[in-house]
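Peer 1: To be precise about what I am sending: the file is called model-v1.pdb and holds PDB, N, CA and C atoms.
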```
MODEL        1
ATOM      1  N   MET A1292     -48.020  65.341  37.392
ATOM      2  CA  MET A1292     -46.793  64.997  38.076
ATOM      3  C   MET A1292     -45.830  66.179  38.070
ATOM      4  N   LYS A1293     -45.766  66.868  36.965
ATOM      5  CA  LYS A1293     -44.817  67.974  36.828
ATOM      6  C   LYS A1293     -45.092  69.069  37.847
ATOM      7  N   GLU A1294     -46.372  69.382  38.076
ATOM      8  CA  GLU A1294     -46.727  70.444  39.009
ATOM      9  C   GLU A1294     -46.290  70.094  40.433
ATOM     10  N   ALA A1295     -46.550  68.867  40.880
ATOM     11  CA  ALA A1295     -46.153  68.444  42.226
ATOM     12  C   ALA A1295     -44.637  68.477  42.376
ATOM     13  N   LEU A1296     -43.923  68.049  41.348
ATOM     14  CA  LEU A1296     -42.468  68.050  41.394
ATOM     15  C   LEU A1296     -41.932  69.477  41.433
ATOM     16  N   GLU A1297     -42.492  70.352  40.616
ATOM     17  CA  GLU A1297     -42.048  71.750  40.601
ATOM     18  C   GLU A1297     -42.300  72.427  41.941
ATOM     19  N   GLU A1298     -43.461  72.172  42.550
ATOM     20  CA  GLU A1298     -43.767  72.752  43.857
ATOM     21  C   GLU A1298     -42.802  72.225  44.916
ATOM     22  N   PHE A1299     -42.528  70.926  44.871
ATOM     23  CA  PHE A1299     -41.607  70.325  45.829
ATOM     24  C   PHE A1299     -40.214  70.910  45.671
ATOM     25  N   MET A1300     -39.734  70.991  44.445
ATOM     26  CA  MET A1300     -38.390  71.515  44.192
ATOM     27  C   MET A1300     -38.270  72.976  44.634
ATOM     28  N   ALA A1301     -39.304  73.760  44.364
ATOM     29  CA  ALA A1301     -39.287  75.165  44.787
ATOM     30  C   ALA A1301     -39.276  75.273  46.309
ATOM     31  N   GLY A1302     -40.005  74.385  46.965
ATOM     32  CA  GLY A1302     -40.072  74.421  48.418
ATOM     33  C   GLY A1302     -38.785  73.975  49.081
ATOM     34  N   ILE A1303     -38.177  72.903  48.569
ATOM     35  CA  ILE A1303     -36.983  72.373  49.237
ATOM     36  C   ILE A1303     -35.756  73.235  49.005
ATOM     37  N   GLU A1304     -35.789  74.041  47.964
ATOM     38  CA  GLU A1304     -34.646  74.902  47.667
ATOM     39  C   GLU A1304     -34.299  75.810  48.853
ATOM     40  N   LYS A1305     -35.331  76.254  49.550
ATOM     41  CA  LYS A1305     -35.104  77.156  50.683
ATOM     42  C   LYS A1305     -35.486  76.521  52.026
ATOM     43  N   ASP A1306     -35.606  75.203  52.066
ATOM     44  CA  ASP A1306     -35.982  74.496  53.292
ATOM     45  C   ASP A1306     -34.802  73.670  53.800
ATOM     46  N   PRO A1307     -34.095  74.138  54.828
ATOM     47  CA  PRO A1307     -32.913  73.436  55.322
ATOM     48  C   PRO A1307     -33.226  72.116  56.031
ATOM     49  N   ARG A1308     -34.494  71.845  56.324
ATOM     50  CA  ARG A1308     -34.868  70.596  57.004
ATOM     51  C   ARG A1308     -34.832  69.391  56.071
ATOM     52  N   ILE A1309     -34.889  69.615  54.775
ATOM     53  CA  ILE A1309     -34.985  68.529  53.798
ATOM     54  C   ILE A1309     -33.616  67.930  53.521
ATOM     55  N   CYS A1310     -33.563  66.579  53.580
ATOM     56  CA  CYS A1310     -32.322  65.863  53.283
ATOM     57  C   CYS A1310     -32.568  64.898  52.119
ATOM     58  N   LEU A1311     -31.553  64.161  51.748
ATOM     59  CA  LEU A1311     -31.666  63.223  50.625
ATOM     60  C   LEU A1311     -32.753  62.175  50.839
ATOM     61  N   SER A1312     -32.956  61.744  52.063
ATOM     62  CA  SER A1312     -34.006  60.751  52.326
ATOM     63  C   SER A1312     -35.388  61.299  52.002
ATOM     64  N   HIS A1313     -35.630  62.571  52.332
ATOM     65  CA  HIS A1313     -36.918  63.193  52.006
ATOM     66  C   HIS A1313     -37.116  63.236  50.487
ATOM     67  N   ILE A1314     -36.059  63.619  49.786
ATOM     68  CA  ILE A1314     -36.139  63.718  48.325
ATOM     69  C   ILE A1314     -36.370  62.342  47.717
ATOM     70  N   GLY A1315     -35.689  61.333  48.239
ATOM     71  CA  GLY A1315     -35.865  59.968  47.736
ATOM     72  C   GLY A1315     -37.275  59.463  47.939
ATOM     73  N   VAL A1316     -37.817  59.650  49.128
ATOM     74  CA  VAL A1316     -39.179  59.172  49.405
ATOM     75  C   VAL A1316     -40.187  59.941  48.559
ATOM     76  N   PHE A1317     -40.017  61.257  48.438
ATOM     77  CA  PHE A1317     -40.960  62.038  47.640
ATOM     78  C   PHE A1317     -40.939  61.591  46.179
ATOM     79  N   SER A1318     -39.758  61.325  45.637
ATOM     80  CA  SER A1318     -39.687  60.898  44.234
ATOM     81  C   SER A1318     -40.344  59.540  44.043
ATOM     82  N   VAL A1319     -40.208  58.648  45.012
ATOM     83  CA  VAL A1319     -40.871  57.344  44.924
ATOM     84  C   VAL A1319     -42.388  57.531  45.024
ATOM     85  N   LEU A1320     -42.830  58.459  45.858
ATOM     86  CA  LEU A1320     -44.266  58.742  45.960
ATOM     87  C   LEU A1320     -44.814  59.305  44.647
ATOM     88  N   LEU A1321     -44.038  60.151  43.979
ATOM     89  CA  LEU A1321     -44.454  60.668  42.661
ATOM     90  C   LEU A1321     -44.681  59.520  41.684
ATOM     91  N   HIS A1322     -43.747  58.588  41.686
ATOM     92  CA  HIS A1322     -43.858  57.431  40.791
ATOM     93  C   HIS A1322     -45.068  56.572  41.166
ATOM     94  N   ALA A1323     -45.273  56.358  42.460
ATOM     95  CA  ALA A1323     -46.413  55.550  42.916
ATOM     96  C   ALA A1323     -47.735  56.191  42.500
ATOM     97  N   ARG A1324     -47.801  57.518  42.602
ATOM     98  CA  ARG A1324     -49.030  58.206  42.196
ATOM     99  C   ARG A1324     -49.330  57.954  40.720
ATOM    100  N   GLU A1325     -48.301  57.993  39.893
ATOM    101  CA  GLU A1325     -48.501  57.743  38.465
ATOM    102  C   GLU A1325     -48.980  56.317  38.207
ATOM    103  N   GLU A1326     -48.495  55.370  39.003
ATOM    104  CA  GLU A1326     -48.948  53.982  38.857
ATOM    105  C   GLU A1326     -50.430  53.841  39.168
ATOM    106  N   TYR A1327     -50.964  54.735  39.990
ATOM    107  CA  TYR A1327     -52.390  54.719  40.321
ATOM    108  C   TYR A1327     -53.172  55.722  39.479
ATOM    109  N   GLY A1328     -52.628  56.090  38.347
ATOM    110  CA  GLY A1328     -53.339  56.946  37.403
ATOM    111  C   GLY A1328     -53.413  58.403  37.807
ATOM    112  N   GLY A1329     -52.583  58.826  38.729
ATOM    113  CA  GLY A1329     -52.568  60.220  39.139
ATOM    114  C   GLY A1329     -53.655  60.591  40.126
ATOM    115  N   THR A1330     -54.425  59.603  40.583
ATOM    116  CA  THR A1330     -55.488  59.901  41.543
ATOM    117  C   THR A1330     -54.907  60.074  42.942
ATOM    118  N   GLU A1331     -55.554  60.911  43.706
ATOM    119  CA  GLU A1331     -55.132  61.154  45.086
ATOM    120  C   GLU A1331     -56.335  61.146  46.004
ATOM    121  N   PRO A1332     -56.185  60.659  47.214
ATOM    122  CA  PRO A1332     -55.006  59.989  47.745
ATOM    123  C   PRO A1332     -54.872  58.592  47.145
ATOM    124  N   PHE A1333     -53.648  58.096  47.122
ATOM    125  CA  PHE A1333     -53.374  56.768  46.573
ATOM    126  C   PHE A1333     -52.779  55.885  47.664
ATOM    127  N   PRO A1334     -53.000  54.568  47.563
ATOM    128  CA  PRO A1334     -52.475  53.656  48.587
ATOM    129  C   PRO A1334     -50.969  53.472  48.445
ATOM    130  N   ILE A1335     -50.307  53.269  49.566
ATOM    131  CA  ILE A1335     -48.872  53.027  49.544
ATOM    132  C   ILE A1335     -48.551  51.740  50.307
ATOM    133  N   LYS A1336     -47.464  51.121  49.899
ATOM    134  CA  LYS A1336     -46.976  49.920  50.575
ATOM    135  C   LYS A1336     -45.595  50.235  51.130
ATOM    136  N   ARG A1337     -45.504  50.220  52.453
ATOM    137  CA  ARG A1337     -44.267  50.601  53.126
ATOM    138  C   ARG A1337     -43.057  49.843  52.601
ATOM    139  N   GLU A1338     -43.180  48.536  52.456
ATOM    140  CA  GLU A1338     -42.036  47.731  52.025
ATOM    141  C   GLU A1338     -41.534  48.156  50.647
ATOM    142  N   GLU A1339     -42.458  48.413  49.737
ATOM    143  CA  GLU A1339     -42.085  48.812  48.379
ATOM    144  C   GLU A1339     -41.442  50.201  48.366
ATOM    145  N   LEU A1340     -42.003  51.127  49.127
ATOM    146  CA  LEU A1340     -41.432  52.476  49.183
ATOM    147  C   LEU A1340     -40.045  52.460  49.796
ATOM    148  N   MET A1341     -39.879  51.700  50.865
ATOM    149  CA  MET A1341     -38.571  51.618  51.513
ATOM    150  C   MET A1341     -37.522  51.063  50.560
ATOM    151  N   LYS A1342     -37.878  50.012  49.846
ATOM    152  CA  LYS A1342     -36.934  49.391  48.913
ATOM    153  C   LYS A1342     -36.548  50.363  47.802
ATOM    154  N   ALA A1343     -37.538  51.017  47.217
ATOM    155  CA  ALA A1343     -37.274  51.938  46.106
ATOM    156  C   ALA A1343     -36.501  53.172  46.561
ATOM    157  N   ALA A1344     -36.754  53.650  47.775
ATOM    158  CA  ALA A1344     -36.079  54.844  48.285
ATOM    159  C   ALA A1344     -34.754  54.506  48.967
ATOM    160  N   LYS A1345     -34.399  53.221  48.977
ATOM    161  CA  LYS A1345     -33.138  52.767  49.585
ATOM    162  C   LYS A1345     -33.072  53.098  51.078
ATOM    163  N   ILE A1346     -34.195  52.877  51.762
ATOM    164  CA  ILE A1346     -34.252  53.070  53.208
ATOM    165  C   ILE A1346     -34.388  51.696  53.844
ATOM    166  N   SER A1347     -33.487  51.360  54.751
ATOM    167  CA  SER A1347     -33.508  50.029  55.351
ATOM    168  C   SER A1347     -34.161  49.994  56.728
ATOM    169  N   SER A1348     -34.316  51.136  57.359
ATOM    170  CA  SER A1348     -34.876  51.197  58.701
ATOM    171  C   SER A1348     -36.340  51.641  58.675
ATOM    172  N   THR A1349     -37.199  50.845  59.304
ATOM    173  CA  THR A1349     -38.614  51.208  59.390
ATOM    174  C   THR A1349     -38.786  52.519  60.152
ATOM    175  N   ALA A1350     -37.988  52.704  61.201
ATOM    176  CA  ALA A1350     -38.076  53.938  61.989
ATOM    177  C   ALA A1350     -37.742  55.158  61.133
ATOM    178  N   THR A1351     -36.714  55.039  60.299
ATOM    179  CA  THR A1351     -36.345  56.145  59.407
ATOM    180  C   THR A1351     -37.463  56.423  58.408
ATOM    181  N   TYR A1352     -38.026  55.367  57.839
ATOM    182  CA  TYR A1352     -39.122  55.526  56.878
ATOM    183  C   TYR A1352     -40.272  56.318  57.500
ATOM    184  N   PHE A1353     -40.720  55.890  58.677
ATOM    185  CA  PHE A1353     -41.842  56.571  59.306
ATOM    186  C   PHE A1353     -41.484  57.999  59.700
ATOM    187  N   LYS A1354     -40.244  58.228  60.106
ATOM    188  CA  LYS A1354     -39.800  59.584  60.436
ATOM    189  C   LYS A1354     -39.879  60.487  59.206
ATOM    190  N   ILE A1355     -39.385  59.994  58.072
ATOM    191  CA  ILE A1355     -39.371  60.792  56.838
ATOM    192  C   ILE A1355     -40.791  61.067  56.351
ATOM    193  N   ILE A1356     -41.647  60.050  56.348
ATOM    194  CA  ILE A1356     -43.041  60.230  55.923
ATOM    195  C   ILE A1356     -43.736  61.242  56.838
ATOM    196  N   ARG A1357     -43.559  61.092  58.144
ATOM    197  CA  ARG A1357     -44.176  62.000  59.107
ATOM    198  C   ARG A1357     -43.678  63.428  58.896
ATOM    199  N   GLN A1358     -42.371  63.591  58.683
ATOM    200  CA  GLN A1358     -41.824  64.932  58.469
ATOM    201  C   GLN A1358     -42.338  65.557  57.178
ATOM    202  N   LEU A1359     -42.392  64.789  56.104
ATOM    203  CA  LEU A1359     -42.937  65.333  54.849
ATOM    204  C   LEU A1359     -44.364  65.820  55.060
ATOM    205  N   HIS A1360     -45.127  65.083  55.861
ATOM    206  CA  HIS A1360     -46.501  65.479  56.183
ATOM    207  C   HIS A1360     -46.497  66.755  57.033
ATOM    208  N   GLU A1361     -45.693  66.767  58.095
ATOM    209  CA  GLU A1361     -45.642  67.926  58.991
ATOM    210  C   GLU A1361     -45.157  69.186  58.278
ATOM    211  N   TYR A1362     -44.230  69.031  57.348
ATOM    212  CA  TYR A1362     -43.685  70.177  56.617
ATOM    213  C   TYR A1362     -44.617  70.649  55.502
ATOM    214  N   GLY A1363     -45.687  69.904  55.226
ATOM    215  CA  GLY A1363     -46.678  70.320  54.236
ATOM    216  C   GLY A1363     -46.414  69.876  52.813
ATOM    217  N   TYR A1364     -45.484  68.944  52.618
ATOM    218  CA  TYR A1364     -45.188  68.471  51.265
ATOM    219  C   TYR A1364     -46.132  67.367  50.810
ATOM    220  N   ILE A1365     -46.677  66.603  51.766
ATOM    221  CA  ILE A1365     -47.637  65.546  51.453
ATOM    222  C   ILE A1365     -48.738  65.565  52.508
ATOM    223  N   CYS A1366     -49.811  64.864  52.217
ATOM    224  CA  CYS A1366     -50.862  64.610  53.191
ATOM    225  C   CYS A1366     -50.863  63.100  53.413
ATOM    226  N   TYR A1367     -50.397  62.681  54.573
ATOM    227  CA  TYR A1367     -50.269  61.259  54.911
ATOM    228  C   TYR A1367     -51.478  60.834  55.712
ATOM    229  N   LEU A1368     -52.165  59.811  55.231
ATOM    230  CA  LEU A1368     -53.360  59.292  55.883
ATOM    231  C   LEU A1368     -53.069  57.867  56.335
ATOM    232  N   PRO A1369     -52.492  57.724  57.543
ATOM    233  CA  PRO A1369     -52.103  56.394  57.995
ATOM    234  C   PRO A1369     -53.301  55.535  58.370
ATOM    235  N   THR A1370     -53.111  54.241  58.287
ATOM    236  CA  THR A1370     -54.097  53.300  58.783
ATOM    237  C   THR A1370     -53.390  52.446  59.823
ATOM    238  N   PHE A1371     -54.103  52.092  60.824
ATOM    239  CA  PHE A1371     -53.506  51.260  61.860
ATOM    240  C   PHE A1371     -54.073  49.847  61.776
ATOM    241  N   ASN A1372     -54.744  49.576  60.670
ATOM    242  CA  ASN A1372     -55.306  48.259  60.391
ATOM    243  C   ASN A1372     -54.370  47.546  59.419
ATOM    244  N   ARG A1373     -53.813  46.437  59.833
ATOM    245  CA  ARG A1373     -52.855  45.715  58.989
ATOM    246  C   ARG A1373     -53.491  45.175  57.706
ATOM    247  N   MET A1374     -54.809  45.164  57.652
ATOM    248  CA  MET A1374     -55.500  44.640  56.469
ATOM    249  C   MET A1374     -55.764  45.720  55.421
ATOM    250  N   SER A1375     -55.483  46.974  55.729
ATOM    251  CA  SER A1375     -55.683  48.034  54.746
ATOM    252  C   SER A1375     -54.408  48.857  54.629
ATOM    253  N   GLN A1376     -54.299  49.590  53.526
ATOM    254  CA  GLN A1376     -53.091  50.356  53.241
ATOM    255  C   GLN A1376     -53.258  51.821  53.622
ATOM    256  N   SER A1377     -52.161  52.413  54.078
ATOM    257  CA  SER A1377     -52.152  53.853  54.294
ATOM    258  C   SER A1377     -52.254  54.532  52.937
ATOM    259  N   ARG A1378     -52.641  55.807  52.951
ATOM    260  CA  ARG A1378     -52.806  56.542  51.703
ATOM    261  C   ARG A1378     -52.035  57.863  51.805
ATOM    262  N   VAL A1379     -51.665  58.374  50.640
ATOM    263  CA  VAL A1379     -50.914  59.630  50.566
ATOM    264  C   VAL A1379     -51.487  60.483  49.442
ATOM    265  N   ALA A1380     -51.509  61.777  49.685
ATOM    266  CA  ALA A1380     -51.830  62.742  48.644
ATOM    267  C   ALA A1380     -50.650  63.709  48.559
ATOM    268  N   LEU A1381     -50.225  64.035  47.357
ATOM    269  CA  LEU A1381     -49.127  64.973  47.197
ATOM    270  C   LEU A1381     -49.613  66.416  47.253
ATOM    271  N   ALA A1382     -50.896  66.594  47.078
ATOM    272  CA  ALA A1382     -51.491  67.919  47.245
ATOM    273  C   ALA A1382     -51.588  68.191  48.743
ATOM    274  N   LYS A1383     -51.790  69.427  49.109
ATOM    275  CA  LYS A1383     -51.862  69.784  50.519
ATOM    276  C   LYS A1383     -53.023  69.089  51.221
ATOM    277  N   GLU A1384     -54.137  68.940  50.511
ATOM    278  CA  GLU A1384     -55.293  68.269  51.098
ATOM    279  C   GLU A1384     -55.839  67.273  50.090
ATOM    280  N   PRO A1385     -56.236  66.065  50.554
ATOM    281  CA  PRO A1385     -56.746  65.044  49.624
ATOM    282  C   PRO A1385     -58.095  65.395  49.046
TER     283      PRO A1385
ENDMDL
END
```
Represent the structure from my file as structure tokens, please.
Peer 2:
Amino acid sequence: MKEALEEFMAGIEKDPRICLSHIGVFSVLLHAREEYGGTEPFPIKREELMKAAKISSTATYFKIIRQLHEYGYICYLPTFNRMSQSRVALAKEP
């Protein structure tokens, strides 16, 4: 966990695109990874992440997750099947 956090902190220090919402979602993802024993990629539940990160808009949540992926801070593996969960890896590649 420490390595992912240190890499994230070093990256955001000089990245003007990152806002508080990105930091909130990333910190919740760090916690979620630990709940799954540190394995990656790990499943995520949108409702739980939104609640923990204090995000009330689904559109904002998806925007932040997509941006973290595009900026290279996470690897987001979405599922479009309502019966399965999307997965995230904090490393560049799962």
Peer 1: Taking the file as shown, find all residues satisfying the PyMOL selection byres ((chain A and resi 1325-1333) around 7) and write them as an MDAnalysis selection string.
Peer 2: chainID A and resid 1320:1324 1334:1335 1377:1381 1385
Peer 1: Keeping only N, CA and C atoms, write the selected residues to a file as a PDB file, keeping the file's coordinate frame.
Peer 2:
```pdb
ATOM      1  N   LEU A1320     -42.830  58.459  45.858  1.00  0.00           N
ATOM      2  CA  LEU A1320     -44.266  58.742  45.960  1.00  0.00           C
ATOM      3  C   LEU A1320     -44.814  59.305  44.647  1.00  0.00           C
ATOM      4  N   LEU A1321     -44.038  60.151  43.979  1.00  0.00           N
ATOM      5  CA  LEU A1321     -44.454  60.668  42.661  1.00  0.00           C
ATOM      6  C   LEU A1321     -44.681  59.520  41.684  1.00  0.00           C
ATOM      7  N   HIS A1322     -43.747  58.588  41.686  1.00  0.00           N
ATOM      8  CA  HIS A1322     -43.858  57.431  40.791  1.00  0.00           C
ATOM      9  C   HIS A1322     -45.068  56.572  41.166  1.00  0.00           C
ATOM     10  N   ALA A1323     -45.273  56.358  42.460  1.00  0.00           N
ATOM     11  CA  ALA A1323     -46.413  55.550  42.916  1.00  0.00           C
ATOM     12  C   ALA A1323     -47.735  56.191  42.500  1.00  0.00           C
ATOM     13  N   ARG A1324     -47.801  57.518  42.602  1.00  0.00           N
ATOM     14  CA  ARG A1324     -49.030  58.206  42.196  1.00  0.00           C
ATOM     15  C   ARG A1324     -49.330  57.954  40.720  1.00  0.00           C
ATOM     16  N   PRO A1334     -53.000  54.568  47.563  1.00  0.00           N
ATOM     17  CA  PRO A1334     -52.475  53.656  48.587  1.00  0.00           C
ATOM     18  C   PRO A1334     -50.969  53.472  48.445  1.00  0.00           C
ATOM     19  N   ILE A1335     -50.307  53.269  49.566  1.00  0.00           N
ATOM     20  CA  ILE A1335     -48.872  53.027  49.544  1.00  0.00           C
ATOM     21  C   ILE A1335     -48.551  51.740  50.307  1.00  0.00           C
ATOM     22  N   SER A1377     -52.161  52.413  54.078  1.00  0.00           N
ATOM     23  CA  SER A1377     -52.152  53.853  54.294  1.00  0.00           C
ATOM     24  C   SER A1377     -52.254  54.532  52.937  1.00  0.00           C
ATOM     25  N   ARG A1378     -52.641  55.807  52.951  1.00  0.00           N
ATOM     26  CA  ARG A1378     -52.806  56.542  51.703  1.00  0.00           C
ATOM     27  C   ARG A1378     -52.035  57.863  51.805  1.00  0.00           C
ATOM     28  N   VAL A1379     -51.665  58.374  50.640  1.00  0.00           N
ATOM     29  CA  VAL A1379     -50.914  59.630  50.566  1.00  0.00           C
ATOM     30  C   VAL A1379     -51.487  60.483  49.442  1.00  0.00           C
ATOM     31  N   ALA A1380     -51.509  61.777  49.685  1.00  0.00           N
ATOM     32  CA  ALA A1380     -51.830  62.742  48.644  1.00  0.00           C
ATOM     33  C   ALA A1380     -50.650  63.709  48.559  1.00  0.00           C
ATOM     34  N   LEU A1381     -50.225  64.035  47.357  1.00  0.00           N
ATOM     35  CA  LEU A1381     -49.127  64.973  47.197  1.00  0.00           C
ATOM     36  C   LEU A1381     -49.613  66.416  47.253  1.00  0.00           C
ATOM     37  N   PRO A1385     -56.236  66.065  50.554  1.00  0.00           N
ATOM     38  CA  PRO A1385     -56.746  65.044  49.624  1.00  0.00           C
ATOM     39  C   PRO A1385     -58.095  65.395  49.046  1.00  0.00           C
TER      40      PRO A1385
END
```
Peer 1: Take the point (-43.0, 47.1, 52.6) as written in the file and pick out every residue within 12 Å of it, counting only C-alpha atoms; give the list as a list of chain:residue names.
Peer 2: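 Output: A:Ile1335, A:Lys1336, A:Arg1337, A:Glu1338, A:Glu1339, A:Leu1340, A:Met1341, A:Lys1342, A:Ala1343, A:Ala1344, A:Lys1345, A:Ile1346, A:Ser1347, A:Ser1348, A:Thr1349, A:Tyr1352, A:Phe1353, A:Arg1373, A:Gln1376, A:Ser1377.
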Peer 1: Please return, as a ChimeraX atom specification, all residues of chain A that DSSP assigns to alpha helix (DSSP H) on the basis of the backbone.
Peer 2: /A:1293-1304,1311-1326,1337-1343,1349-1361
Peer 1: Have a look at atom CA of Met1374 of chain A and atom CA of Leu1359 of chain A and let me know their distance in Å, one decimal.
Peer 2: 24.3 Å
Peer 1: Using all atoms listed in the file, which of A:Ile1365, A:Ala1350, A:Thr1370, A:Ile1356 sits nearest Ser1312 of chain A?
Peer 2: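 Under the stated criterion, the closest residue is A:Ile1356.
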Peer 1: Can you work out the spacing between atom C of Ala1301 of chain A and atom CA of Val1319 of chain A in Å, to one decimal?
Peer 2: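 Straight-line distance from atom C of Ala1301 of chain A to atom CA of Val1319 of chain A works out to 18.1 Å.
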Peer 1: Specify the axis-aligned box that encloses all atoms of segment 1292-1303 of chain A listed in the file after padding of 4 Å on each side, stating its centre and edge lengths in Å to one decimal as JSON.
Peer 2:
```
{"center_x": -41.9, "center_y": 70.1, "center_z": 43.0, "size_x": 20.3, "size_y": 18.3, "size_z": 20.4}
```
Peer 1: Quote the spacing between atom N of His1313 of chain A and atom C of Lys1354 of chain A in Å to one decimal place.
Peer 2: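 Pair atom N of His1313 of chain A / atom C of Lys1354 of chain A returns 8.3 Å.
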Peer 1: Please evaluate the PyMOL selection byres ((chain A and resi 1364) around 8) against the displayed coordinates and give the resulting residues as a PyMOL selection string.
Peer 2: chain A and resi 1298-1299+1358-1363+1365-1367+1380-1383
Peer 1: Could you write out the selected residues, including N, CA and C atoms, as a PDB file, in the frame of the given file?
Peer 2:
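selection-v2.pdb, freshly written:
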```pdb
ATOM      1  N   GLU A1298     -43.461  72.172  42.550  1.00  0.00           N
ATOM      2  CA  GLU A1298     -43.767  72.752  43.857  1.00  0.00           C
ATOM      3  C   GLU A1298     -42.802  72.225  44.916  1.00  0.00           C
ATOM      4  N   PHE A1299     -42.528  70.926  44.871  1.00  0.00           N
ATOM      5  CA  PHE A1299     -41.607  70.325  45.829  1.00  0.00           C
ATOM      6  C   PHE A1299     -40.214  70.910  45.671  1.00  0.00           C
ATOM      7  N   GLN A1358     -42.371  63.591  58.683  1.00  0.00           N
ATOM      8  CA  GLN A1358     -41.824  64.932  58.469  1.00  0.00           C
ATOM      9  C   GLN A1358     -42.338  65.557  57.178  1.00  0.00           C
ATOM     10  N   LEU A1359     -42.392  64.789  56.104  1.00  0.00           N
ATOM     11  CA  LEU A1359     -42.937  65.333  54.849  1.00  0.00           C
ATOM     12  C   LEU A1359     -44.364  65.820  55.060  1.00  0.00           C
ATOM     13  N   HIS A1360     -45.127  65.083  55.861  1.00  0.00           N
ATOM     14  CA  HIS A1360     -46.501  65.479  56.183  1.00  0.00           C
ATOM     15  C   HIS A1360     -46.497  66.755  57.033  1.00  0.00           C
ATOM     16  N   GLU A1361     -45.693  66.767  58.095  1.00  0.00           N
ATOM     17  CA  GLU A1361     -45.642  67.926  58.991  1.00  0.00           C
ATOM     18  C   GLU A1361     -45.157  69.186  58.278  1.00  0.00           C
ATOM     19  N   TYR A1362     -44.230  69.031  57.348  1.00  0.00           N
ATOM     20  CA  TYR A1362     -43.685  70.177  56.617  1.00  0.00           C
ATOM     21  C   TYR A1362     -44.617  70.649  55.502  1.00  0.00           C
ATOM     22  N   GLY A1363     -45.687  69.904  55.226  1.00  0.00           N
ATOM     23  CA  GLY A1363     -46.678  70.320  54.236  1.00  0.00           C
ATOM     24  C   GLY A1363     -46.414  69.876  52.813  1.00  0.00           C
ATOM     25  N   ILE A1365     -46.677  66.603  51.766  1.00  0.00           N
ATOM     26  CA  ILE A1365     -47.637  65.546  51.453  1.00  0.00           C
ATOM     27  C   ILE A1365     -48.738  65.565  52.508  1.00  0.00           C
ATOM     28  N   CYS A1366     -49.811  64.864  52.217  1.00  0.00           N
ATOM     29  CA  CYS A1366     -50.862  64.610  53.191  1.00  0.00           C
ATOM     30  C   CYS A1366     -50.863  63.100  53.413  1.00  0.00           C
ATOM     31  N   TYR A1367     -50.397  62.681  54.573  1.00  0.00           N
ATOM     32  CA  TYR A1367     -50.269  61.259  54.911  1.00  0.00           C
ATOM     33  C   TYR A1367     -51.478  60.834  55.712  1.00  0.00           C
ATOM     34  N   ALA A1380     -51.509  61.777  49.685  1.00  0.00           N
ATOM     35  CA  ALA A1380     -51.830  62.742  48.644  1.00  0.00           C
ATOM     36  C   ALA A1380     -50.650  63.709  48.559  1.00  0.00           C
ATOM     37  N   LEU A1381     -50.225  64.035  47.357  1.00  0.00           N
ATOM     38  CA  LEU A1381     -49.127  64.973  47.197  1.00  0.00           C
ATOM     39  C   LEU A1381     -49.613  66.416  47.253  1.00  0.00           C
ATOM     40  N   ALA A1382     -50.896  66.594  47.078  1.00  0.00           N
ATOM     41  CA  ALA A1382     -51.491  67.919  47.245  1.00  0.00           C
ATOM     42  C   ALA A1382     -51.588  68.191  48.743  1.00  0.00           C
ATOM     43  N   LYS A1383     -51.790  69.427  49.109  1.00  0.00           N
ATOM     44  CA  LYS A1383     -51.862  69.784  50.519  1.00  0.00           C
ATOM     45  C   LYS A1383     -53.023  69.089  51.221  1.00  0.00           C
TER      46      LYS A1383
END
```
